[in-house]
Amino acid sequence: MSDLLLSIRDLYVSYGKVEAVHGVSIEVPRGEIVTVIGANGAGKTTLLNAAMGILPARGSIEFEGRNILRQPVEDRVGGGMTLVPERRELFATMPVEDNLLLGGFLISSSERARQLEEVFVRFPRLKERRRQLAGTLSGGERQMLAMGRALMAKPRLLMLDEPSLGLAPLIVADIFSIIRDLRSAGVSILLVEQNARAALRVADSAYVMELGEITLQGKAAELAADPKIVETYLGLATH
Amino acid sequence: MDSTILLFLLQDGITNGALYGLLGITTVLVFAVTRIIFVPQGEFVTYGALTLALLDTGRVPGTVWLLIGFGVVAFFVELWMSRHDLDARRIIRETLTKIILPCLIALAVIWLAPMKLPPWANLLITLAIITPMGPYLYTIAFRPVAEASVLTLFIVAIGVHLSMQGLGLVFFGAEGLRATPLSTLSLPVGPLVVTGQTLSIYILTLVTMAALTYFFNKPLFGKALRATAINRLGARLVGIRTSLSGAIAFVLAAIIGALTGALSAPMTTIYYDTGFLIGLKGFIAAIIGSLASYPLTVIAALAVGVAEALASFYASQFKEVIVFTLIIPVLVWLSLSSHHVEEEEE
């Protein structure tokens with residue numbers, strides 16, 4: 001088995017006649033955190049949605065060496081990748097626990113029970129709120145629930161779309177430390193962020209996306225020191 | 001009015017109310033899974049009733065040809081929708097479920113119908129003909145617009161209702177039909193007579209209500225169906241096949257609709273457009289149950305049935321007016337008492 005978990009090559013994604021992603025190639029090696037940073041509207045979310053199969057795309061997407069370009073979302077989840085979307089997409093009128101259990105829809109019920117305990121250990125807050133409706137949670141708790149739900153499927157690749165968006169700095173720090181823990185637990189992560197400073201600090205390698213194209217790529221530490229990046233993405237970052 | 005008449009009216013009302021309850025339950029069910037206000041429910045009642053009545057007389061019902069027609073159209077819609085990822089396995093599966101299956105059912109019916117089987121066997125044949133129409137209809141009319149707003153889905157549902165009613169007129173003709181009762185059992189209870197027919201209606205309503213309440217709240221699969229309605233994208237992201245959820249809801253809707261029709265066919269004459277009014281009363285019950293609660297829907301349906309029976313005794317020409325006016329105070333009360341629930345769409 002190769003060390004590349006996800007390999008996207010020459011990917012084109014369009015909304016109707018408008019092309020939003022123009023020939024993007026990125027790679028996620030097994031066991032690493034890879035981040036895609038860029039301004040609002042650069043096509044980062046589009047890229048993730050295409051990788052997950054929510055949007056149709058042209059090009060090639062390989063997961064663990066198999067071409068999954070034509071696979072529907074459900075099969076990709078079963079295959080070992082999950083997405084935490086920017087808007088969380090929780091089941092608002094269901095309790096926290098049901099949201100999590102449904103996250104494990106495709107695994108066996110004994111695995112599901114075990115996985116639920118693991119998620120509760122990782123997110124003690126969710127255990128306290130297990131009977132509360134997902135729609136009544138705070139922003140940070142929702143992000144944790146969305147991540148917990150995505151982890152219930154036992155993914156080998158977790159894709160996170162702007163996990164820090166709209167959250168208080170303290171909670172952002174929490175979320176990023178959880179992301180680091182997840183890598184230690186063997187989950188590879190593809191992280192899309194506008195908060196470039198935090199993303200580059202946690203990631204192993206990074207891509208910079210502008211207007212639907214990758215303009216820079218390299219080790220996260222190198223990019224964090226790159227004067228162009230510092231000027232464009234870090235100088236203006238709020239924290 | 002003496003107490004005997006009142007008892008008769010109550011019994012009549014509860015029997016009809018139980019049927020409305022079944023339809024109300026289906027409305028809640030379909031809405032919960034697909035966000036569709038299922039107007040064509042009444043047509044499944046009509047199709048079920050008329051199919052059973054025709055089978056009783058030993059004729060092959062026109063719904064058989066409708067079933068094949070629906071299957072073929074659904075087959076092509078399915079192929080068109082999945083044109084980007086067609087493979088041999090998929091084509092074979094669709095051919096089996098949408099072409100071969102309805103043809104086999106049709107052949108079986110053509111073979112069995114002239115034998116004049118007992119009523120319960122005809123009931124099963126009726127269910128076999130009508131049930132697949134549910135998922136076919138879902139594929140044809142609703143899956144292509146599954147992500148649309150509740151209003152769009154509602155408009156589509158009305159369109160489906162009108163076309164199915166028209167098809168009903170073409171295939172059944174304008175005259176009404178009546179079926180033979182399922183059982184000739186009759187028990188005197190005081191001044192009343194309880195027939196096997198009404199008993200089976202009561203039992204069926206209770207069982208369906210209990211089974212659905214359990215199904216949607218306990219097993220993960222039922223929760224998955226509910227989750228599909230709450231957030232389709234969220235459901236897909238955890239691996240739920242949302243098109244399958246919709247198809248399952250429509251299977252249940254078709255079964256319950258056909259069953260309701262088949263049960264009422266021996267008690268009243270059913271015309272090609274009778275189902276709509278019956279379905280509408282079930283819909284009122286579902287609204288009173290806030291399109292969410294099965295037990296509340298059944299209680300409301302019984303109230304609608306009783307109100308209708310009393311109204312037809314006191315002011316028969318205003319029967320429908322009185323029943324449909326009932327919904328206004330209920331809506332006012334619901335809108336005043338409802339608490340804010342967060343919308344899933346901004």
# chains A, B, ... in the order shown; residues from 1 in each chain; ligands from 1
>>> interface_residues(of="chain B", to="chain A", cutoff="9 Å", atoms="only C-alpha atoms", output="mmCIF file with N, CA and C atoms, in the first residue's frame")
data_model
loop_
_atom_site.group_PDB
_atom_site.id
_atom_site.type_symbol
_atom_site.label_atom_id
_atom_site.label_comp_id
_atom_site.auth_asym_id
_atom_site.auth_seq_id
_atom_site.Cartn_x
_atom_site.Cartn_y
_atom_site.Cartn_z
ATOM 1 N N HIS B 84 -24.287 9.511 -15.667
ATOM 2 C CA HIS B 84 -22.844 9.718 -15.565
ATOM 3 C C HIS B 84 -22.111 8.523 -14.969
ATOM 4 N N ASP B 85 -22.817 7.727 -14.181
ATOM 5 C CA ASP B 85 -22.134 6.556 -13.637
ATOM 6 C C ASP B 85 -22.963 5.285 -13.815
ATOM 7 N N LEU B 220 -31.851 2.415 14.530
ATOM 8 C CA LEU B 220 -31.047 3.445 13.880
ATOM 9 C C LEU B 220 -31.538 3.693 12.459
ATOM 10 N N PHE B 221 -32.054 2.644 11.831
ATOM 11 C CA PHE B 221 -32.519 2.806 10.452
ATOM 12 C C PHE B 221 -33.688 3.786 10.370
ATOM 13 N N LYS B 223 -34.258 6.204 12.542
ATOM 14 C CA LYS B 223 -33.694 7.532 12.802
ATOM 15 C C LYS B 223 -33.025 8.072 11.546
ATOM 16 N N ALA B 224 -32.413 7.162 10.782
ATOM 17 C CA ALA B 224 -31.737 7.593 9.554
ATOM 18 C C ALA B 224 -32.759 8.169 8.565
ATOM 19 N N ALA B 227 -33.535 11.539 9.850
ATOM 20 C CA ALA B 227 -32.393 12.429 9.644
ATOM 21 C C ALA B 227 -32.360 12.947 8.209
ATOM 22 N N THR B 228 -32.762 12.094 7.262
ATOM 23 C CA THR B 228 -32.782 12.498 5.863
ATOM 24 C C THR B 228 -33.645 13.739 5.662
ATOM 25 N N ILE B 230 -34.462 15.948 8.079
ATOM 26 C CA ILE B 230 -33.949 17.091 8.842
ATOM 27 C C ILE B 230 -32.819 17.766 8.074
ATOM 28 N N ASN B 231 -31.911 16.980 7.541
ATOM 29 C CA ASN B 231 -30.787 17.565 6.816
ATOM 30 C C ASN B 231 -30.261 16.561 5.785
ATOM 31 N N ARG B 232 -30.661 16.769 4.533
ATOM 32 C CA ARG B 232 -30.291 15.815 3.483
ATOM 33 C C ARG B 232 -28.780 15.706 3.314
ATOM 34 N N LEU B 233 -28.108 16.872 3.274
ATOM 35 C CA LEU B 233 -26.661 16.832 3.067
ATOM 36 C C LEU B 233 -25.988 16.131 4.242
ATOM 37 N N GLY B 234 -26.432 16.485 5.465
ATOM 38 C CA GLY B 234 -25.890 15.831 6.644
ATOM 39 C C GLY B 234 -26.074 14.326 6.558
ATOM 40 N N ALA B 235 -27.249 13.900 6.101
ATOM 41 C CA ALA B 235 -27.528 12.468 5.997
ATOM 42 C C ALA B 235 -26.584 11.803 5.004
ATOM 43 N N ARG B 236 -26.363 12.464 3.864
ATOM 44 C CA ARG B 236 -25.452 11.879 2.873
ATOM 45 C C ARG B 236 -24.039 11.780 3.448
ATOM 46 N N LEU B 237 -23.656 12.784 4.234
ATOM 47 C CA LEU B 237 -22.291 12.810 4.759
ATOM 48 C C LEU B 237 -22.036 11.717 5.792
ATOM 49 N N VAL B 238 -23.087 11.143 6.382
ATOM 50 C CA VAL B 238 -22.847 10.016 7.281
ATOM 51 C C VAL B 238 -23.088 8.684 6.569
ATOM 52 N N GLY B 239 -23.398 8.749 5.270
ATOM 53 C CA GLY B 239 -23.483 7.520 4.500
ATOM 54 C C GLY B 239 -24.888 6.982 4.278
ATOM 55 N N ILE B 240 -25.912 7.823 4.543
ATOM 56 C CA ILE B 240 -27.286 7.375 4.299
ATOM 57 C C ILE B 240 -27.635 7.623 2.839
ATOM 58 N N ARG B 241 -28.174 6.627 2.164
ATOM 59 C CA ARG B 241 -28.607 6.827 0.779
ATOM 60 C C ARG B 241 -29.967 7.516 0.797
ATOM 61 N N VAL B 341 -38.549 27.209 16.556
ATOM 62 C CA VAL B 341 -37.635 26.116 16.275
ATOM 63 C C VAL B 341 -36.655 26.602 15.221
ATOM 64 N N GLU B 342 -35.406 26.311 15.445
ATOM 65 C CA GLU B 342 -34.400 26.824 14.520
ATOM 66 C C GLU B 342 -34.567 26.212 13.135
ATOM 67 N N GLU B 343 -34.553 27.057 12.126
ATOM 68 C CA GLU B 343 -34.673 26.592 10.751
ATOM 69 C C GLU B 343 -33.338 26.005 10.326
ATOM 70 N N GLU B 344 -33.424 24.980 9.491
ATOM 71 C CA GLU B 344 -32.181 24.395 9.039
ATOM 72 C C GLU B 344 -31.576 25.212 7.901
#
>>> select_by_dssp(residues="range 3-226 of chain A", states="helix (DSSP H, G or I)", output="mmCIF file with N, CA and C atoms, in the first residue's frame")
data_model
loop_
_atom_site.group_PDB
_atom_site.id
_atom_site.type_symbol
_atom_site.label_atom_id
_atom_site.label_comp_id
_atom_site.auth_asym_id
_atom_site.auth_seq_id
_atom_site.Cartn_x
_atom_site.Cartn_y
_atom_site.Cartn_z
ATOM 1 N N LYS A 44 -11.615 26.739 -2.033
ATOM 2 C CA LYS A 44 -11.209 25.699 -1.089
ATOM 3 C C LYS A 44 -12.363 24.767 -0.729
ATOM 4 N N THR A 45 -13.520 25.368 -0.394
ATOM 5 C CA THR A 45 -14.687 24.559 -0.044
ATOM 6 C C THR A 45 -15.129 23.711 -1.231
ATOM 7 N N THR A 46 -15.099 24.312 -2.422
ATOM 8 C CA THR A 46 -15.460 23.577 -3.638
ATOM 9 C C THR A 46 -14.567 22.352 -3.807
ATOM 10 N N LEU A 47 -13.272 22.550 -3.547
ATOM 11 C CA LEU A 47 -12.318 21.453 -3.671
ATOM 12 C C LEU A 47 -12.684 20.304 -2.721
ATOM 13 N N LEU A 48 -12.979 20.641 -1.457
ATOM 14 C CA LEU A 48 -13.330 19.603 -0.477
ATOM 15 C C LEU A 48 -14.628 18.896 -0.863
ATOM 16 N N ASN A 49 -15.616 19.696 -1.281
ATOM 17 C CA ASN A 49 -16.901 19.093 -1.643
ATOM 18 C C ASN A 49 -16.752 18.137 -2.827
ATOM 19 N N ALA A 50 -15.876 18.489 -3.760
ATOM 20 C CA ALA A 50 -15.635 17.590 -4.893
ATOM 21 C C ALA A 50 -14.909 16.338 -4.416
ATOM 22 N N ALA A 51 -13.955 16.516 -3.489
ATOM 23 C CA ALA A 51 -13.218 15.360 -2.980
ATOM 24 C C ALA A 51 -14.173 14.390 -2.286
ATOM 25 N N MET A 52 -15.213 14.947 -1.629
ATOM 26 C CA MET A 52 -16.173 14.112 -0.907
ATOM 27 C C MET A 52 -17.228 13.535 -1.841
ATOM 28 N N VAL A 73 -21.242 9.852 -2.607
ATOM 29 C CA VAL A 73 -20.803 10.241 -1.269
ATOM 30 C C VAL A 73 -20.848 9.058 -0.298
ATOM 31 N N GLU A 74 -21.973 8.323 -0.317
ATOM 32 C CA GLU A 74 -22.189 7.267 0.675
ATOM 33 C C GLU A 74 -21.081 6.222 0.612
ATOM 34 N N ASP A 75 -20.650 5.886 -0.632
ATOM 35 C CA ASP A 75 -19.603 4.872 -0.771
ATOM 36 C C ASP A 75 -18.257 5.405 -0.279
ATOM 37 N N ARG A 76 -18.038 6.723 -0.454
ATOM 38 C CA ARG A 76 -16.773 7.293 0.019
ATOM 39 C C ARG A 76 -16.724 7.267 1.545
ATOM 40 N N VAL A 77 -17.880 7.510 2.183
ATOM 41 C CA VAL A 77 -17.927 7.435 3.652
ATOM 42 C C VAL A 77 -17.573 6.018 4.086
ATOM 43 N N GLY A 78 -18.213 5.034 3.451
ATOM 44 C CA GLY A 78 -17.935 3.643 3.780
ATOM 45 C C GLY A 78 -16.485 3.280 3.499
ATOM 46 N N GLY A 79 -15.907 3.937 2.481
ATOM 47 C CA GLY A 79 -14.528 3.648 2.089
ATOM 48 C C GLY A 79 -13.493 4.216 3.041
ATOM 49 N N VAL A 96 -27.951 15.063 20.706
ATOM 50 C CA VAL A 96 -26.531 14.914 20.400
ATOM 51 C C VAL A 96 -26.179 13.438 20.163
ATOM 52 N N GLU A 97 -26.679 12.580 21.059
ATOM 53 C CA GLU A 97 -26.313 11.170 20.958
ATOM 54 C C GLU A 97 -26.782 10.545 19.646
ATOM 55 N N ASP A 98 -28.008 10.899 19.209
ATOM 56 C CA ASP A 98 -28.505 10.358 17.941
ATOM 57 C C ASP A 98 -27.677 10.852 16.766
ATOM 58 N N ASN A 99 -27.262 12.119 16.827
ATOM 59 C CA ASN A 99 -26.401 12.650 15.778
ATOM 60 C C ASN A 99 -25.138 11.805 15.665
ATOM 61 N N LEU A 100 -24.560 11.488 16.813
ATOM 62 C CA LEU A 100 -23.324 10.711 16.804
ATOM 63 C C LEU A 100 -23.575 9.290 16.308
ATOM 64 N N LEU A 101 -24.645 8.663 16.814
ATOM 65 C CA LEU A 101 -24.931 7.284 16.404
ATOM 66 C C LEU A 101 -25.142 7.210 14.897
ATOM 67 N N LEU A 102 -25.830 8.217 14.340
ATOM 68 C CA LEU A 102 -26.039 8.218 12.893
ATOM 69 C C LEU A 102 -24.720 8.393 12.149
ATOM 70 N N GLY A 103 -23.763 9.068 12.790
ATOM 71 C CA GLY A 103 -22.437 9.174 12.181
ATOM 72 C C GLY A 103 -21.845 7.797 11.938
ATOM 73 N N SER A 109 -23.120 -2.479 14.887
ATOM 74 C CA SER A 109 -23.627 -1.842 16.099
ATOM 75 C C SER A 109 -22.652 -1.993 17.263
ATOM 76 N N SER A 110 -21.873 -3.067 17.302
ATOM 77 C CA SER A 110 -20.905 -3.192 18.395
ATOM 78 C C SER A 110 -19.775 -2.179 18.197
ATOM 79 N N GLU A 111 -19.319 -2.032 16.958
ATOM 80 C CA GLU A 111 -18.297 -1.024 16.661
ATOM 81 C C GLU A 111 -18.823 0.368 16.989
ATOM 82 N N ARG A 112 -20.105 0.561 16.705
ATOM 83 C CA ARG A 112 -20.708 1.876 16.901
ATOM 84 C C ARG A 112 -20.688 2.254 18.379
ATOM 85 N N ALA A 113 -21.036 1.293 19.241
ATOM 86 C CA ALA A 113 -21.050 1.555 20.676
ATOM 87 C C ALA A 113 -19.637 1.894 21.161
ATOM 88 N N ARG A 114 -18.646 1.135 20.647
ATOM 89 C CA ARG A 114 -17.265 1.386 21.042
ATOM 90 C C ARG A 114 -16.823 2.774 20.576
ATOM 91 N N GLN A 115 -17.177 3.076 19.336
ATOM 92 C CA GLN A 115 -16.785 4.349 18.745
ATOM 93 C C GLN A 115 -17.404 5.529 19.510
ATOM 94 N N LEU A 116 -18.653 5.319 19.956
ATOM 95 C CA LEU A 116 -19.340 6.389 20.706
ATOM 96 C C LEU A 116 -18.581 6.680 21.999
ATOM 97 N N GLU A 117 -18.147 5.622 22.689
ATOM 98 C CA GLU A 117 -17.376 5.831 23.911
ATOM 99 C C GLU A 117 -16.102 6.615 23.619
ATOM 100 N N GLU A 118 -15.443 6.276 22.520
ATOM 101 C CA GLU A 118 -14.202 6.965 22.152
ATOM 102 C C GLU A 118 -14.447 8.442 21.895
ATOM 103 N N VAL A 119 -15.522 8.720 21.162
ATOM 104 C CA VAL A 119 -15.839 10.124 20.859
ATOM 105 C C VAL A 119 -16.154 10.872 22.149
ATOM 106 N N PHE A 120 -16.863 10.211 23.070
ATOM 107 C CA PHE A 120 -17.192 10.855 24.339
ATOM 108 C C PHE A 120 -15.932 11.126 25.170
ATOM 109 N N VAL A 121 -14.933 10.251 25.056
ATOM 110 C CA VAL A 121 -13.674 10.488 25.767
ATOM 111 C C VAL A 121 -12.970 11.707 25.160
ATOM 112 N N ARG A 122 -12.983 11.773 23.825
ATOM 113 C CA ARG A 122 -12.323 12.882 23.147
ATOM 114 C C ARG A 122 -13.060 14.208 23.353
ATOM 115 N N PRO A 124 -15.561 15.348 26.020
ATOM 116 C CA PRO A 124 -16.374 15.125 27.237
ATOM 117 C C PRO A 124 -17.621 16.017 27.248
ATOM 118 N N ARG A 125 -17.499 17.179 26.625
ATOM 119 C CA ARG A 125 -18.612 18.119 26.565
ATOM 120 C C ARG A 125 -19.840 17.492 25.912
ATOM 121 N N LEU A 126 -19.596 16.693 24.866
ATOM 122 C CA LEU A 126 -20.717 16.060 24.159
ATOM 123 C C LEU A 126 -21.383 15.023 25.044
ATOM 124 N N LYS A 127 -20.598 14.370 25.900
ATOM 125 C CA LYS A 127 -21.188 13.374 26.790
ATOM 126 C C LYS A 127 -22.135 14.059 27.771
ATOM 127 N N GLU A 128 -21.700 15.228 28.295
ATOM 128 C CA GLU A 128 -22.579 15.976 29.207
ATOM 129 C C GLU A 128 -23.884 16.363 28.531
ATOM 130 N N ALA A 134 -29.321 18.959 19.086
ATOM 131 C CA ALA A 134 -28.132 19.531 18.453
ATOM 132 C C ALA A 134 -28.324 21.004 18.120
ATOM 133 N N GLY A 135 -29.562 21.400 17.773
ATOM 134 C CA GLY A 135 -29.822 22.786 17.392
ATOM 135 C C GLY A 135 -29.674 23.774 18.537
ATOM 136 N N THR A 136 -29.635 23.277 19.778
ATOM 137 C CA THR A 136 -29.549 24.187 20.923
ATOM 138 C C THR A 136 -28.115 24.334 21.439
ATOM 139 N N GLY A 139 -21.881 27.431 19.320
ATOM 140 C CA GLY A 139 -21.101 27.258 18.093
ATOM 141 C C GLY A 139 -19.957 26.268 18.239
ATOM 142 N N GLY A 140 -19.209 26.390 19.350
ATOM 143 C CA GLY A 140 -18.076 25.504 19.558
ATOM 144 C C GLY A 140 -18.522 24.062 19.755
ATOM 145 N N GLU A 141 -19.615 23.899 20.508
ATOM 146 C CA GLU A 141 -20.130 22.535 20.737
ATOM 147 C C GLU A 141 -20.619 21.914 19.434
ATOM 148 N N ARG A 142 -21.212 22.759 18.573
ATOM 149 C CA ARG A 142 -21.657 22.240 17.278
ATOM 150 C C ARG A 142 -20.496 21.743 16.446
ATOM 151 N N GLN A 143 -19.409 22.514 16.455
ATOM 152 C CA GLN A 143 -18.232 22.090 15.696
ATOM 153 C C GLN A 143 -17.714 20.767 16.260
ATOM 154 N N MET A 144 -17.725 20.649 17.606
ATOM 155 C CA MET A 144 -17.270 19.396 18.211
ATOM 156 C C MET A 144 -18.194 18.247 17.832
ATOM 157 N N LEU A 145 -19.493 18.521 17.817
ATOM 158 C CA LEU A 145 -20.445 17.465 17.451
ATOM 159 C C LEU A 145 -20.244 17.056 15.993
ATOM 160 N N ALA A 146 -20.038 18.050 15.125
ATOM 161 C CA ALA A 146 -19.828 17.731 13.710
ATOM 162 C C ALA A 146 -18.573 16.879 13.544
ATOM 163 N N MET A 147 -17.507 17.224 14.297
ATOM 164 C CA MET A 147 -16.282 16.425 14.207
ATOM 165 C C MET A 147 -16.499 15.043 14.811
ATOM 166 N N GLY A 148 -17.200 15.008 15.942
ATOM 167 C CA GLY A 148 -17.490 13.719 16.574
ATOM 168 C C GLY A 148 -18.296 12.825 15.648
ATOM 169 N N ARG A 149 -19.296 13.420 14.985
ATOM 170 C CA ARG A 149 -20.132 12.641 14.074
ATOM 171 C C ARG A 149 -19.294 12.079 12.937
ATOM 172 N N ALA A 150 -18.383 12.928 12.400
ATOM 173 C CA ALA A 150 -17.544 12.471 11.291
ATOM 174 C C ALA A 150 -16.585 11.371 11.753
ATOM 175 N N LEU A 151 -16.155 11.422 13.038
ATOM 176 C CA LEU A 151 -15.218 10.406 13.537
ATOM 177 C C LEU A 151 -15.910 9.081 13.817
ATOM 178 N N MET A 152 -17.244 9.128 14.017
ATOM 179 C CA MET A 152 -17.994 7.895 14.307
ATOM 180 C C MET A 152 -17.865 6.867 13.187
ATOM 181 N N PRO A 169 -11.552 32.587 20.181
ATOM 182 C CA PRO A 169 -10.145 32.150 20.124
ATOM 183 C C PRO A 169 -9.835 30.976 21.035
ATOM 184 N N LEU A 170 -10.392 30.970 22.240
ATOM 185 C CA LEU A 170 -10.118 29.884 23.170
ATOM 186 C C LEU A 170 -10.597 28.542 22.608
ATOM 187 N N ILE A 171 -11.766 28.579 21.997
ATOM 188 C CA ILE A 171 -12.326 27.351 21.446
ATOM 189 C C ILE A 171 -11.558 26.931 20.207
ATOM 190 N N VAL A 172 -11.117 27.911 19.407
ATOM 191 C CA VAL A 172 -10.294 27.596 18.239
ATOM 192 C C VAL A 172 -9.056 26.826 18.695
ATOM 193 N N ALA A 173 -8.425 27.287 19.785
ATOM 194 C CA ALA A 173 -7.243 26.599 20.300
ATOM 195 C C ALA A 173 -7.583 25.157 20.670
ATOM 196 N N ASP A 174 -8.733 24.981 21.311
ATOM 197 C CA ASP A 174 -9.219 23.626 21.655
ATOM 198 C C ASP A 174 -9.311 22.750 20.423
ATOM 199 N N ILE A 175 -9.998 23.281 19.406
ATOM 200 C CA ILE A 175 -10.245 22.513 18.184
ATOM 201 C C ILE A 175 -8.917 22.099 17.554
ATOM 202 N N PHE A 176 -7.971 23.043 17.491
ATOM 203 C CA PHE A 176 -6.696 22.700 16.859
ATOM 204 C C PHE A 176 -5.905 21.695 17.681
ATOM 205 N N SER A 177 -6.055 21.730 19.004
ATOM 206 C CA SER A 177 -5.331 20.714 19.771
ATOM 207 C C SER A 177 -5.976 19.347 19.568
ATOM 208 N N ILE A 178 -7.284 19.333 19.355
ATOM 209 C CA ILE A 178 -7.946 18.059 19.049
ATOM 210 C C ILE A 178 -7.475 17.530 17.693
ATOM 211 N N ILE A 179 -7.313 18.440 16.725
ATOM 212 C CA ILE A 179 -6.833 18.025 15.405
ATOM 213 C C ILE A 179 -5.456 17.368 15.528
ATOM 214 N N ARG A 180 -4.593 17.967 16.366
ATOM 215 C CA ARG A 180 -3.267 17.396 16.578
ATOM 216 C C ARG A 180 -3.374 16.003 17.217
ATOM 217 N N ASP A 181 -4.268 15.879 18.211
ATOM 218 C CA ASP A 181 -4.472 14.564 18.864
ATOM 219 C C ASP A 181 -4.919 13.509 17.871
ATOM 220 N N LEU A 182 -5.797 13.938 16.949
ATOM 221 C CA LEU A 182 -6.338 12.979 15.993
ATOM 222 C C LEU A 182 -5.235 12.404 15.120
ATOM 223 N N ARG A 183 -4.269 13.264 14.746
ATOM 224 C CA ARG A 183 -3.159 12.749 13.945
ATOM 225 C C ARG A 183 -2.388 11.699 14.739
ATOM 226 N N SER A 184 -2.171 11.964 16.029
ATOM 227 C CA SER A 184 -1.465 10.962 16.848
ATOM 228 C C SER A 184 -2.255 9.667 16.909
ATOM 229 N N ALA A 196 -4.907 31.142 8.534
ATOM 230 C CA ALA A 196 -3.680 30.528 8.022
ATOM 231 C C ALA A 196 -2.648 30.300 9.119
ATOM 232 N N ARG A 197 -2.573 31.239 10.062
ATOM 233 C CA ARG A 197 -1.579 31.137 11.115
ATOM 234 C C ARG A 197 -1.764 29.829 11.905
ATOM 235 N N ALA A 198 -2.989 29.608 12.388
ATOM 236 C CA ALA A 198 -3.270 28.401 13.170
ATOM 237 C C ALA A 198 -3.093 27.153 12.315
ATOM 238 N N ALA A 199 -3.528 27.217 11.065
ATOM 239 C CA ALA A 199 -3.461 26.047 10.192
ATOM 240 C C ALA A 199 -2.015 25.660 9.920
ATOM 241 N N LEU A 200 -1.176 26.648 9.618
ATOM 242 C CA LEU A 200 0.229 26.348 9.303
ATOM 243 C C LEU A 200 0.969 25.828 10.531
ATOM 244 N N ARG A 201 0.545 26.251 11.713
ATOM 245 C CA ARG A 201 1.212 25.800 12.927
ATOM 246 C C ARG A 201 0.944 24.305 13.163
ATOM 247 N N VAL A 202 -0.242 23.848 12.809
ATOM 248 C CA VAL A 202 -0.606 22.470 13.119
ATOM 249 C C VAL A 202 -0.250 21.501 11.971
ATOM 250 N N ALA A 220 4.758 22.996 5.772
ATOM 251 C CA ALA A 220 4.033 24.068 6.449
ATOM 252 C C ALA A 220 4.970 25.067 7.101
ATOM 253 N N ALA A 221 6.060 24.553 7.718
ATOM 254 C CA ALA A 221 6.987 25.442 8.415
ATOM 255 C C ALA A 221 7.666 26.387 7.428
ATOM 256 N N GLU A 222 8.025 25.852 6.236
ATOM 257 C CA GLU A 222 8.667 26.696 5.231
ATOM 258 C C GLU A 222 7.721 27.783 4.744
ATOM 259 N N LEU A 223 6.472 27.374 4.472
ATOM 260 C CA LEU A 223 5.513 28.357 3.988
ATOM 261 C C LEU A 223 5.268 29.436 5.045
ATOM 262 N N ALA A 224 5.245 29.027 6.309
ATOM 263 C CA ALA A 224 4.987 29.990 7.379
ATOM 264 C C ALA A 224 6.100 31.040 7.429
ATOM 265 N N ALA A 225 7.296 30.677 6.914
ATOM 266 C CA ALA A 225 8.403 31.612 6.942
ATOM 267 C C ALA A 225 8.528 32.389 5.626
#
>>> select_by_dssp(residues="range 39-239 of chain A", states="strand (DSSP E or B)", output="MDAnalysis selection string")
chainID A and resid 58:63 66:67 81:84 95 133 157:161 188:193 205:210 213:219
>>> atom_distance(atom1="CA of Leu277 in chain B", atom2="CA of Val323 in chain B")
11.2 Å
>>> closest_atom_pairs(of="range 121-177 of chain B", to="range 38-47 of chain B", cutoff="7 Å", atoms="only C-alpha atoms", output="JSON lines")
{"residue": "B:Ala157", "atom": "CA", "partner": "B:Val39", "partner_atom": "CA", "distance": 5.6}
{"residue": "B:Ile158", "atom": "CA", "partner": "B:Val39", "partner_atom": "CA", "distance": 6.0}
{"residue": "B:Val160", "atom": "CA", "partner": "B:Pro40", "partner_atom": "CA", "distance": 6.3}
{"residue": "B:His161", "atom": "CA", "partner": "B:Pro40", "partner_atom": "CA", "distance": 4.3}
{"residue": "B:Met164", "atom": "CA", "partner": "B:Glu43", "partner_atom": "CA", "distance": 6.4}
{"residue": "B:Gln165", "atom": "CA", "partner": "B:Glu43", "partner_atom": "CA", "distance": 6.4}
>>> atom_distance(atom1="CA of Ser164 in chain A", atom2="CA of Leu216 in chain A")
22.6 Å
>>> residues_around(residues="Ile299 in chain B", least_positions_apart="6", cutoff="12 Å", atoms="only C-alpha atoms", output="ChimeraX atom specification")
/B:14,17-22,24-25,205-206,209,282,284-289,293,305-306
>>> decode(residues="range 33-38 of chain B", atoms="N, CA and C atoms", output="PDB file, in the first residue's frame")
ATOM      1  N   VAL B  33     -39.909  12.143   6.159  1.00  0.00           N
ATOM      2  CA  VAL B  33     -38.738  11.611   5.478  1.00  0.00           C
ATOM      3  C   VAL B  33     -38.342  12.458   4.269  1.00  0.00           C
ATOM      4  N   THR B  34     -39.337  13.005   3.557  1.00  0.00           N
ATOM      5  CA  THR B  34     -39.010  13.658   2.280  1.00  0.00           C
ATOM      6  C   THR B  34     -39.383  15.136   2.224  1.00  0.00           C
ATOM      7  N   ARG B  35     -40.052  15.658   3.245  1.00  0.00           N
ATOM      8  CA  ARG B  35     -40.577  17.026   3.264  1.00  0.00           C
ATOM      9  C   ARG B  35     -41.648  17.260   2.202  1.00  0.00           C
ATOM     10  N   ILE B  36     -42.216  16.181   1.672  1.00  0.00           N
ATOM     11  CA  ILE B  36     -43.282  16.311   0.669  1.00  0.00           C
ATOM     12  C   ILE B  36     -44.636  16.272   1.380  1.00  0.00           C
ATOM     13  N   ILE B  37     -45.503  17.255   1.084  1.00  0.00           N
ATOM     14  CA  ILE B  37     -46.899  17.177   1.539  1.00  0.00           C
ATOM     15  C   ILE B  37     -47.578  16.258   0.539  1.00  0.00           C
ATOM     16  N   PHE B  38     -47.910  15.063   0.977  1.00  0.00           N
ATOM     17  CA  PHE B  38     -48.244  13.994   0.041  1.00  0.00           C
ATOM     18  C   PHE B  38     -49.709  14.047  -0.392  1.00  0.00           C
TER      19      PHE B  38
END
